[in-house]
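Structure file coords21.pdb; described as PDB, C-alpha atoms.
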ATOM      1  CA  MET L1328      -6.573 -32.652  -5.185
ATOM      2  CA  ASP L1329      -6.699 -29.605  -2.888
ATOM      3  CA  ASP L1330      -4.300 -26.646  -2.972
ATOM      4  CA  LYS L1331      -2.191 -27.904  -0.072
ATOM      5  CA  GLU L1332      -1.677 -31.281  -1.658
ATOM      6  CA  ALA L1333      -0.868 -29.684  -5.020
ATOM      7  CA  ILE L1334       1.688 -27.344  -3.430
ATOM      8  CA  GLU L1335       3.363 -30.204  -1.574
ATOM      9  CA  LYS L1336       3.672 -32.113  -4.854
ATOM     10  CA  CYS L1337       4.987 -29.025  -6.659
ATOM     11  CA  ARG L1338       7.673 -28.697  -4.011
ATOM     12  CA  THR L1339       8.968 -32.131  -4.908
ATOM     13  CA  GLY L1340       9.263 -31.003  -8.531
ATOM     14  CA  ASP L1341       5.927 -32.289  -9.841
ATOM     15  CA  THR L1342       5.164 -29.651 -12.476
ATOM     16  CA  GLU L1343       1.889 -31.343 -13.449
ATOM     17  CA  ALA L1344       0.509 -30.670  -9.942
ATOM     18  CA  PHE L1345       0.967 -26.971 -10.641
ATOM     19  CA  ARG L1346      -1.645 -27.252 -13.390
ATOM     20  CA  HIS L1347      -4.275 -27.620 -10.648
ATOM     21  CA  LEU L1348      -3.312 -24.257  -9.129
ATOM     22  CA  VAL L1349      -3.065 -22.480 -12.484
ATOM     23  CA  GLN L1350      -6.421 -23.709 -13.721
ATOM     24  CA  HIS L1351      -8.120 -23.018 -10.420
ATOM     25  CA  TYR L1352      -6.946 -19.421 -10.085
ATOM     26  CA  GLN L1353      -6.189 -18.184 -13.597
ATOM     27  CA  SER L1354      -9.585 -16.608 -14.243
ATOM     28  CA  GLU L1355      -9.516 -14.640 -10.979
ATOM     29  CA  ALA L1356      -5.898 -13.651 -11.590
ATOM     30  CA  ILE L1357      -6.581 -12.420 -15.129
ATOM     31  CA  GLY L1358      -9.513 -10.377 -13.796
ATOM     32  CA  HIS L1359      -7.330  -8.745 -11.145
ATOM     33  CA  ALA L1360      -4.446  -8.121 -13.533
ATOM     34  CA  SER L1361      -6.821  -6.617 -16.117
ATOM     35  CA  ALA L1362      -8.131  -4.188 -13.511
ATOM     36  CA  ILE L1363      -4.612  -3.057 -12.657
ATOM     37  CA  LEU L1364      -3.191  -2.948 -16.164
ATOM     38  CA  GLY L1365      -6.336  -1.881 -17.999
ATOM     39  CA  ASN L1366      -6.023  -4.368 -20.825
ATOM     40  CA  ARG L1367      -6.294  -8.105 -21.167
ATOM     41  CA  GLU L1368      -3.238  -8.716 -23.318
ATOM     42  CA  ASP L1369      -0.818  -7.292 -20.738
ATOM     43  CA  ALA L1370      -2.827  -8.994 -17.991
ATOM     44  CA  MET L1371      -2.227 -12.401 -19.572
ATOM     45  CA  ASP L1372       1.529 -11.711 -19.728
ATOM     46  CA  ALA L1373       1.609 -10.594 -16.086
ATOM     47  CA  VAL L1374      -0.380 -13.626 -14.895
ATOM     48  CA  GLN L1375       1.883 -15.978 -16.831
ATOM     49  CA  GLU L1376       5.019 -14.457 -15.297
ATOM     50  CA  ALA L1377       3.456 -14.379 -11.831
ATOM     51  CA  PHE L1378       2.611 -18.091 -11.923
ATOM     52  CA  ILE L1379       6.191 -18.904 -12.919
ATOM     53  CA  ASP L1380       7.506 -16.690 -10.088
ATOM     54  CA  ALA L1381       5.121 -18.432  -7.694
ATOM     55  CA  PHE L1382       6.304 -21.868  -8.796
ATOM     56  CA  GLN L1383       9.885 -20.834  -8.088
ATOM     57  CA  SER L1384       8.979 -19.480  -4.641
ATOM     58  CA  LEU L1385       6.644 -22.250  -3.433
ATOM     59  CA  ASP L1386       9.214 -23.315  -0.830
ATOM     60  CA  GLN L1387       8.584 -20.021   0.969
ATOM     61  CA  PHE L1388       4.797 -20.499   1.044
ATOM     62  CA  ASP L1389       3.244 -21.182   4.451
ATOM     63  CA  LEU L1390       0.930 -24.168   3.994
ATOM     64  CA  ASN L1391      -1.345 -22.913   6.791
ATOM     65  CA  ARG L1392      -2.333 -19.906   4.677
ATOM     66  CA  SER L1393      -4.516 -19.658   1.575
ATOM     67  CA  PHE L1394      -2.740 -19.758  -1.739
ATOM     68  CA  TYR L1395      -4.447 -16.895  -3.569
ATOM     69  CA  PRO L1396      -3.700 -13.959  -1.191
ATOM     70  CA  TRP L1397      -0.030 -15.023  -1.243
ATOM     71  CA  PHE L1398      -0.090 -15.340  -5.018
ATOM     72  CA  TYR L1399      -1.838 -11.975  -5.345
ATOM     73  CA  VAL L1400       1.208 -10.206  -3.867
ATOM     74  CA  ILE L1401       3.400 -11.790  -6.566
ATOM     75  CA  LEU L1402       0.853 -10.971  -9.269
ATOM     76  CA  ARG L1403       0.542  -7.397  -8.073
ATOM     77  CA  ASN L1404       4.317  -6.891  -8.197
ATOM     78  CA  ARG L1405       4.390  -8.271 -11.738
ATOM     79  CA  CYS L1406       1.518  -5.998 -12.800
ATOM     80  CA  TYR L1407       3.100  -2.866 -11.343
ATOM     81  CA  LYS L1408       6.444  -3.693 -12.978
ATOM     82  CA  LEU L1409       4.737  -4.221 -16.315
ATOM     83  CA  ALA L1410       2.696  -1.044 -15.903
ATOM     84  CA  GLN L1411       5.932   0.886 -15.372
ATOM     85  CA  VAL L1412       7.536  -0.621 -18.459
ATOM     86  CA  ARG L1413       4.540  -0.126 -20.708
ATOM     87  CA  ARG L1414       3.616   3.283 -19.353
ATOM     88  CA  ARG L1415       0.164   2.930 -20.783
ATOM     89  CA  GLY L1416      -1.386   6.208 -19.874
ATOM     90  CA  GLU L1417      -3.681   6.216 -22.862
ATOM     91  CA  LEU L1418      -7.090   4.620 -22.917
ATOM     92  CA  SER L1419      -7.661   1.300 -24.575
ATOM     93  CA  SER L1420      -8.580   1.952 -28.188
ATOM     94  CA  SER L1421     -10.890  -1.044 -28.328
ATOM     95  CA  ASP L1422     -14.580  -0.810 -27.504
ATOM     96  CA  ASP L1423     -14.428  -4.147 -25.686
ATOM     97  CA  MET L1424     -15.024  -4.164 -21.968
ATOM     98  CA  GLU L1425     -11.752  -5.363 -20.417
ATOM     99  CA  ILE L1426     -12.556  -5.016 -16.714
ATOM    100  CA  LEU L1427     -16.313  -4.950 -16.179
ATOM    101  CA  ALA L1428     -19.245  -7.150 -17.091
ATOM    102  CA  ALA L1429     -22.581  -5.422 -16.668
ATOM    103  CA  GLY L1430     -25.183  -7.024 -14.444
ATOM    104  CA  PRO L1431     -28.887  -7.126 -15.301
ATOM    105  CA  GLY L1432     -30.615  -3.765 -15.650
ATOM    106  CA  VAL L1433     -27.474  -1.760 -16.373
ATOM    107  CA  ARG L1434     -27.519   0.282 -19.562
ATOM    108  CA  PRO L1435     -24.589  -0.545 -21.881
ATOM    109  CA  GLU L1436     -23.630   3.134 -22.247
ATOM    110  CA  GLU L1437     -23.390   3.455 -18.460
ATOM    111  CA  SER L1438     -21.115   0.400 -18.302
ATOM    112  CA  MET L1439     -18.897   1.807 -21.045
ATOM    113  CA  LEU L1440     -18.709   5.141 -19.243
ATOM    114  CA  LEU L1441     -17.870   3.512 -15.920
ATOM    115  CA  GLU L1442     -15.133   1.411 -17.497
ATOM    116  CA  ARG L1443     -13.711   4.486 -19.211
ATOM    117  CA  CYS L1444     -13.690   6.429 -15.928
ATOM    118  CA  LEU L1445     -12.055   3.503 -14.121
ATOM    119  CA  LEU L1446      -9.312   3.414 -16.743
ATOM    120  CA  GLU L1447      -8.695   7.118 -16.193
ATOM    121  CA  LEU L1448      -8.035   6.553 -12.479
ATOM    122  CA  PRO L1449      -4.505   6.037 -11.121
ATOM    123  CA  VAL L1450      -3.600   2.343 -10.998
ATOM    124  CA  GLN L1451      -3.667   2.093  -7.179
ATOM    125  CA  ASP L1452      -7.140   3.666  -6.998
ATOM    126  CA  ARG L1453      -8.500   1.385  -9.697
ATOM    127  CA  GLU L1454      -7.072  -1.661  -7.937
ATOM    128  CA  LEU L1455      -8.521  -0.678  -4.564
ATOM    129  CA  ILE L1456     -11.973   0.196  -5.888
ATOM    130  CA  THR L1457     -12.328  -3.002  -7.888
ATOM    131  CA  LEU L1458     -11.149  -5.173  -5.002
ATOM    132  CA  ARG L1459     -13.684  -3.542  -2.705
ATOM    133  CA  HIS L1460     -16.693  -3.294  -5.002
ATOM    134  CA  LEU L1461     -16.272  -6.133  -7.499
ATOM    135  CA  ASP L1462     -14.743  -8.706  -5.136
ATOM    136  CA  GLY L1463     -16.399  -7.400  -1.964
ATOM    137  CA  LEU L1464     -13.232  -7.549   0.149
ATOM    138  CA  SER L1465     -13.607  -6.094   3.661
ATOM    139  CA  TYR L1466     -11.253  -3.434   5.038
ATOM    140  CA  GLN L1467      -9.520  -6.183   7.018
ATOM    141  CA  GLU L1468      -8.971  -8.264   3.877
ATOM    142  CA  LEU L1469      -7.873  -5.220   1.864
ATOM    143  CA  SER L1470      -5.446  -4.302   4.608
ATOM    144  CA  GLU L1471      -3.891  -7.783   4.515
ATOM    145  CA  ARG L1472      -3.890  -8.005   0.733
ATOM    146  CA  LEU L1473      -2.282  -4.596   0.175
ATOM    147  CA  ALA L1474      -0.158  -4.579   3.369
ATOM    148  CA  VAL L1475      -1.411  -1.213   4.636
ATOM    149  CA  PRO L1476      -3.351  -0.321   7.825
ATOM    150  CA  GLN L1477      -7.147  -0.288   7.734
ATOM    151  CA  GLY L1478      -7.208   3.450   8.440
ATOM    152  CA  THR L1479      -5.182   3.998   5.278
ATOM    153  CA  ILE L1480      -7.583   1.786   3.336
ATOM    154  CA  MET L1481     -10.466   3.953   4.587
ATOM    155  CA  SER L1482      -8.787   7.153   3.463
ATOM    156  CA  ARG L1483      -7.524   5.827   0.105
ATOM    157  CA  LEU L1484     -10.853   4.267  -0.716
ATOM    158  CA  TYR L1485     -12.705   7.461   0.066
ATOM    159  CA  HIS L1486     -10.465   9.543  -2.183
ATOM    160  CA  ALA L1487     -10.531   6.942  -4.958
ATOM    161  CA  ARG L1488     -14.336   6.935  -4.897
ATOM    162  CA  ARG L1489     -14.406  10.723  -5.025
ATOM    163  CA  LYS L1490     -12.120  10.727  -8.042
ATOM    164  CA  LEU L1491     -14.355   8.200  -9.764
ATOM    165  CA  ARG L1492     -17.446  10.241  -8.877
ATOM    166  CA  ASP L1493     -15.802  13.396 -10.271
ATOM    167  CA  LYS L1494     -14.871  11.643 -13.498
ATOM    168  CA  LEU L1495     -18.397  10.305 -13.935
ATOM    169  CA  ALA L1496     -19.760  13.811 -13.324
ATOM    170  CA  ARG L1497     -17.317  15.288 -15.859
ATOM    171  CA  HIS L1498     -18.561  12.800 -18.452
ATOM    172  CA  SER L1499     -22.145  13.877 -17.705
ATOM    173  CA  PHE L1500     -23.252  10.697 -15.959
ATOM    174  CA  THR L1501     -27.016  10.996 -15.859
ATOM    175  CA  GLY L1502     -27.337   9.152 -12.551
ATOM    176  CA  PHE L1503     -26.273  12.268 -10.637
ATOM    177  CA  ALA L1504     -28.749  14.473 -12.502
ATOM    178  CA  ARG L1505     -31.546  12.091 -11.590
ATOM    179  CA  LEU L1506     -30.339  12.167  -8.004
ATOM    180  CA  THR L1507     -30.465  15.993  -7.861
ATOM    181  CA  TYR L1508     -33.943  15.932  -9.376
ATOM    182  CA  GLU L1509     -35.146  13.382  -6.787
ATOM    183  CA  GLN L1510     -33.726  15.450  -3.922
ATOM    184  CA  ASN L1511     -35.468  18.610  -5.128
TER     185      ASN L1511
ATOM    186  CA  MET U 836     -18.385  23.782   9.578
ATOM    187  CA  SER U 837     -14.886  23.565   8.170
ATOM    188  CA  LYS U 838     -14.074  21.603   5.022
ATOM    189  CA  ILE U 839     -11.830  19.179   6.940
ATOM    190  CA  ASP U 840     -14.704  18.314   9.236
ATOM    191  CA  CYS U 841     -16.913  17.589   6.249
ATOM    192  CA  GLU U 842     -14.293  15.344   4.693
ATOM    193  CA  THR U 843     -13.743  13.406   7.929
ATOM    194  CA  ILE U 844     -17.478  12.984   8.380
ATOM    195  CA  CYS U 845     -18.030  11.786   4.800
ATOM    196  CA  MET U 846     -15.061   9.420   5.015
ATOM    197  CA  SER U 847     -16.288   7.983   8.308
ATOM    198  CA  ALA U 848     -19.866   7.683   7.048
ATOM    199  CA  MET U 849     -18.708   5.755   3.966
ATOM    200  CA  ALA U 850     -16.456   3.547   6.096
ATOM    201  CA  ARG U 851     -19.319   2.849   8.509
ATOM    202  CA  ALA U 852     -21.530   1.834   5.577
ATOM    203  CA  ASP U 853     -18.730  -0.565   4.568
ATOM    204  CA  GLY U 854     -18.751  -2.138   8.033
ATOM    205  CA  TYR U 855     -15.607  -0.438   9.323
ATOM    206  CA  VAL U 856     -15.874   1.545  12.542
ATOM    207  CA  SER U 857     -13.699   4.661  12.450
ATOM    208  CA  GLU U 858     -12.831   7.005  15.322
ATOM    209  CA  VAL U 859     -15.852   9.176  14.539
ATOM    210  CA  SER U 860     -18.988   7.865  16.246
ATOM    211  CA  ALA U 861     -22.360   7.309  14.567
ATOM    212  CA  GLU U 862     -23.832  10.072  16.748
ATOM    213  CA  GLN U 863     -21.213  12.568  15.567
ATOM    214  CA  ILE U 864     -21.881  11.634  11.945
ATOM    215  CA  ASP U 865     -25.653  11.931  12.333
ATOM    216  CA  ALA U 866     -25.361  15.258  14.162
ATOM    217  CA  HIS U 867     -23.198  16.672  11.394
ATOM    218  CA  LEU U 868     -25.392  15.377   8.576
ATOM    219  CA  ALA U 869     -28.518  16.789  10.199
ATOM    220  CA  ASP U 870     -27.535  20.272   9.095
ATOM    221  CA  CYS U 871     -24.909  19.862   6.333
ATOM    222  CA  GLU U 872     -26.450  19.722   2.878
ATOM    223  CA  THR U 873     -23.017  19.627   1.208
ATOM    224  CA  CYS U 874     -22.159  16.350   2.933
ATOM    225  CA  LEU U 875     -25.609  14.886   2.209
ATOM    226  CA  LYS U 876     -25.216  15.654  -1.488
ATOM    227  CA  ASP U 877     -21.647  14.305  -1.506
ATOM    228  CA  LEU U 878     -22.682  11.076   0.204
ATOM    229  CA  ALA U 879     -25.664  10.595  -2.113
ATOM    230  CA  GLU U 880     -23.422  10.941  -5.180
ATOM    231  CA  LEU U 881     -20.810   8.601  -3.738
ATOM    232  CA  ARG U 882     -23.496   6.012  -2.970
ATOM    233  CA  THR U 883     -24.805   6.318  -6.534
ATOM    234  CA  THR U 884     -21.261   5.731  -7.807
ATOM    235  CA  ILE U 885     -20.935   2.659  -5.591
ATOM    236  CA  ASN U 886     -24.342   1.324  -6.660
ATOM    237  CA  LEU U 887     -23.302   1.650 -10.292
ATOM    238  CA  LEU U 888     -20.033  -0.183  -9.585
ATOM    239  CA  GLU U 889     -21.737  -2.944  -7.659
ATOM    240  CA  ALA U 890     -24.187  -3.527 -10.493
ATOM    241  CA  HIS U 891     -21.184  -4.971 -12.363
ATOM    242  CA  GLN U 892     -18.972  -8.020 -12.000
ATOM    243  CA  ARG U 893     -15.451  -8.636 -13.125
ATOM    244  CA  GLN U 894     -15.110  -9.654 -16.738
ATOM    245  CA  GLN U 895     -14.637 -13.446 -16.626
ATOM    246  CA  SER U 896     -11.824 -15.000 -18.579
ATOM    247  CA  THR U 897     -12.317 -18.389 -20.205
ATOM    248  CA  GLU U 898      -8.768 -18.577 -21.524
ATOM    249  CA  ASP U 899      -6.503 -21.377 -20.302
ATOM    250  CA  ILE U 900      -2.932 -20.129 -19.894
ATOM    251  CA  TRP U 901      -1.501 -23.460 -18.746
ATOM    252  CA  GLY U 902      -0.098 -24.005 -22.244
ATOM    253  CA  ARG U 903       1.894 -20.759 -21.910
ATOM    254  CA  ILE U 904       3.190 -21.609 -18.437
ATOM    255  CA  ALA U 905       4.023 -25.329 -18.669
ATOM    256  CA  PRO U 906       7.065 -24.997 -21.018
ATOM    257  CA  SER U 907       8.798 -22.583 -18.578
ATOM    258  CA  LEU U 908       8.417 -24.764 -15.476
ATOM    259  CA  PRO U 909      11.419 -27.110 -15.982
ATOM    260  CA  ASP U 910      13.708 -24.031 -16.160
ATOM    261  CA  ALA U 911      11.987 -22.536 -13.121
ATOM    262  CA  LEU U 912      12.516 -25.809 -11.263
ATOM    263  CA  THR U 913      16.250 -25.767 -12.082
ATOM    264  CA  THR U 914      16.539 -22.196 -10.785
ATOM    265  CA  ARG U 915      14.699 -23.161  -7.605
ATOM    266  CA  THR U 916      16.976 -26.169  -7.003
ATOM    267  CA  ARG U 917      20.092 -24.094  -7.719
ATOM    268  CA  THR U 918      18.969 -21.456  -5.219
ATOM    269  CA  LYS U 919      18.704 -24.103  -2.487
ATOM    270  CA  ALA U 920      21.991 -25.845  -3.332
ATOM    271  CA  TRP U 921      24.174 -23.456  -1.323
ATOM    272  CA  TYR U 922      22.629 -24.380   2.060
ATOM    273  CA  PRO U 923      24.785 -27.540   2.603
ATOM    274  CA  PHE U 924      27.886 -25.570   1.629
ATOM    275  CA  LEU U 925      27.014 -22.871   4.169
ATOM    276  CA  ALA U 926      26.686 -25.577   6.851
ATOM    277  CA  LEU U 927      29.977 -27.094   5.711
ATOM    278  CA  SER U 928      31.755 -23.711   5.971
ATOM    279  CA  ILE U 929      30.435 -23.168   9.497
ATOM    280  CA  VAL U 930      31.568 -26.640  10.606
ATOM    281  CA  LEU U 931      35.045 -26.230   9.094
ATOM    282  CA  ILE U 932      35.578 -22.792  10.638
ATOM    283  CA  THR U 933      34.381 -24.042  14.051
ATOM    284  CA  HIS U 934      36.636 -27.093  13.747
ATOM    285  CA  ARG U 935      39.628 -24.898  12.933
ATOM    286  CA  LEU U 936      38.892 -22.594  15.880
ATOM    287  CA  ILE U 937      38.591 -25.525  18.285
ATOM    288  CA  GLY U 938      41.926 -26.849  16.921
ATOM    289  CA  LEU U 939      43.549 -23.542  17.853
ATOM    290  CA  ILE U 940      42.791 -24.034  21.536
ATOM    291  CA  PRO U 941      46.133 -24.844  23.204
ATOM    292  CA  ASP U 942      46.822 -27.728  25.614
ATOM    293  CA  GLY U 943      44.342 -30.134  24.216
ATOM    294  CA  ASP U 944      44.519 -33.286  22.160
ATOM    295  CA  PRO U 945      41.085 -33.722  20.586
ATOM    296  CA  GLY U 946      41.848 -37.158  19.190
ATOM    297  CA  VAL U 947      41.780 -38.859  15.794
ATOM    298  CA  LEU U 948      38.029 -38.647  15.344
ATOM    299  CA  PHE U 949      38.144 -34.880  15.750
ATOM    300  CA  LYS U 950      40.909 -34.657  13.140
ATOM    301  CA  LEU U 951      38.864 -36.771  10.715
ATOM    302  CA  ALA U 952      35.635 -34.821  11.303
ATOM    303  CA  PRO U 953      36.082 -32.366   8.373
ATOM    304  CA  VAL U 954      36.698 -35.190   5.915
ATOM    305  CA  LEU U 955      33.648 -37.100   7.175
ATOM    306  CA  PHE U 956      31.519 -34.000   6.941
ATOM    307  CA  VAL U 957      32.612 -33.240   3.364
ATOM    308  CA  ILE U 958      31.752 -36.816   2.395
ATOM    309  CA  ALA U 959      28.340 -36.440   4.104
ATOM    310  CA  VAL U 960      27.617 -33.250   2.149
ATOM    311  CA  PHE U 961      28.392 -34.878  -1.190
ATOM    312  CA  ILE U 962      26.260 -37.909  -0.281
ATOM    313  CA  TYR U 963      23.413 -35.538   0.666
ATOM    314  CA  LEU U 964      23.754 -33.685  -2.646
ATOM    315  CA  ARG U 965      24.028 -37.007  -4.516
ATOM    316  CA  GLU U 966      27.071 -35.672  -6.310
ATOM    317  CA  ASN U 967      30.263 -37.572  -7.096
ATOM    318  CA  PRO U 968      33.146 -35.072  -6.786
ATOM    319  CA  PHE U 969      35.475 -37.420  -8.734
ATOM    320  CA  LYS U 970      33.119 -37.832 -11.676
ATOM    321  CA  ILE U 971      34.446 -36.377 -14.924
ATOM    322  CA  ASN U 972      31.718 -34.608 -16.850
ATOM    323  CA  VAL U 973      32.304 -35.748 -20.413
ATOM    324  CA  ALA U 974      29.414 -33.613 -21.653
ATOM    325  CA  LEU U 975      31.379 -30.432 -20.978
ATOM    326  CA  ARG U 976      32.769 -28.739 -24.039
ATOM    327  CA  LEU U 977      34.946 -25.699 -24.298
ATOM    328  CA  GLU U 978      33.457 -22.717 -26.070
ATOM    329  CA  GLY U 979      34.042 -22.900 -29.820
ATOM    330  CA  GLU U 980      34.792 -26.651 -29.707
TER     331      GLU U 980
END

Give the structure from the file, written as structure tokens.
Amino acid sequence: MDDKEAIEKCRTGDTEAFRHLVQHYQSEAIGHASAILGNREDAMDAVQEAFIDAFQSLDQFDLNRSFYPWFYVILRNRCYKLAQVRRRGELSSSDDMEILAAGPGVRPEESMLLERCLLELPVQDRELITLRHLDGLSYQELSERLAVPQGTIMSRLYHARRKLRDKLARHSFTGFARLTYEQN
Amino acid sequence: MSKIDCETICMSAMARADGYVSEVSAEQIDAHLADCETCLKDLAELRTTINLLEAHQRQQSTEDIWGRIAPSLPDALTTRTRTKAWYPFLALSIVLITHRLIGLIPDGDPGVLFKLAPVLFVIAVFIYLRENPFKINVALRLEGE
């Protein structure tokens, strides 16, 4: 069953058809919600609520479009609402990596540092940076997903990256020291 | 060079590397970078930051949340149906108001069919909604009963 078929069935009240959509997109959704909220537990709550909201609003979905970008708007609203309620300014106390999974050749301490710096960023910056660099979305896709012009994406992304760079530097990220050494 | 120029150049250079063409041309960027060590250092650090980010993926979740969602769907379905239920009544209101306005036009006898139109339309709405307006709901109980 493809998404379109599942959505058409859901519209007639077939709740079982919705399982297809949930199971197909839940992993991606939890990843995105974790990046916004900074912890997996809240992310699971937001994703759950977002899927229920989506089920209620399926009549408004345009079948010519892809499901996930439409769903992402609902998920994002849920995440931002939850972030406001929880007001989690503090860092996660657990040592578990909630957002990132290190690729081959990355030192664990560098991954931990990067995750910590990401969590210190404002929510919007963290969302934008992860969508660009972990999902590889283009400026065009980011512009559509976040409903802002591409020029704004360029500017926001630049400043978000600078903030991340500054935080890494403040936590003595050795990569910059190596870079200075190589330049000299 | 002013600080604003440096920022615009760095922003445009990063955007260009991302595949987005800004208003600043490649020639302008190259000309600026040829003699601005501050921008070169800034860009090198930003690229290192990006390389570190791109050496990671999103943490994958293996959890299945269907079990948490499924019990809420029947309620969600009821809400969805209830939200749509007012459309026929809106149509009915429009028809009745229009009918009344037409009836107010003097010097005209619209005929029996016109007079019966509201009744026929109300019947049509209830048939569409599959509701029997004369049915007594025996399941209803007063509060405290």

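Nearest to chain L of all the residues U:Ala866, U:Ile904, U:Ala848, U:Val856 is U:Ile904, counting all atoms listed in the file.
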
Tell me which protein, DNA and RNA residues are within 12 Å of Asn886 of chain U, counting all atoms listed in the file, leaving out same-chain ones fewer than 2 positions away, and put them as a short mmCIF file (atom, residue, chain, number, x, y, z; two decimals) with C-alpha atoms, in the coordinates of the input.
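Result file follows (result_7.cif):
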data_model
loop_
_atom_site.label_atom_id
_atom_site.label_comp_id
_atom_site.auth_asym_id
_atom_site.auth_seq_id
_atom_site.Cartn_x
_atom_site.Cartn_y
_atom_site.Cartn_z
CA GLY L 1430 -25.18 -7.02 -14.44
CA VAL L 1433 -27.47 -1.76 -16.37
CA LEU L 1441 -17.87 3.51 -15.92
CA HIS L 1460 -16.69 -3.29 -5.00
CA LEU L 1461 -16.27 -6.13 -7.50
CA ARG L 1488 -14.34 6.94 -4.90
CA ARG L 1492 -17.45 10.24 -8.88
CA GLY L 1502 -27.34 9.15 -12.55
CA PHE L 1503 -26.27 12.27 -10.64
CA ALA U 879 -25.66 10.60 -2.11
CA GLU U 880 -23.42 10.94 -5.18
CA LEU U 881 -20.81 8.60 -3.74
CA ARG U 882 -23.50 6.01 -2.97
CA THR U 883 -24.80 6.32 -6.53
CA THR U 884 -21.26 5.73 -7.81
CA LEU U 888 -20.03 -0.18 -9.59
CA GLU U 889 -21.74 -2.94 -7.66
CA ALA U 890 -24.19 -3.53 -10.49
CA HIS U 891 -21.18 -4.97 -12.36
#

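This file gives the following result for the PyMOL selection byres ((chain L and resi 1394) around 10): Asp1330, Lys1331, Ile1334, Leu1348, Tyr1352, Ala1381, Leu1385, Phe1388, Asp1389, Leu1390, Asn1391, Arg1392, Ser1393, Tyr1395, Pro1396, Trp1397, Phe1398 and Tyr1399 of chain L.
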
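Atom CA of Pro923 of chain U to atom CA of Phe949 of chain U spans 20.1 Å [interatomic distance, one decimal].
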
Residues around (4.4, -18.2, -20.2), cut-off 8 Å, counting all atoms listed in the file - what are they as a PyMOL selection string? (chain L and resi 1372+1375-1376+1379) or (chain U and resi 900+902-907)
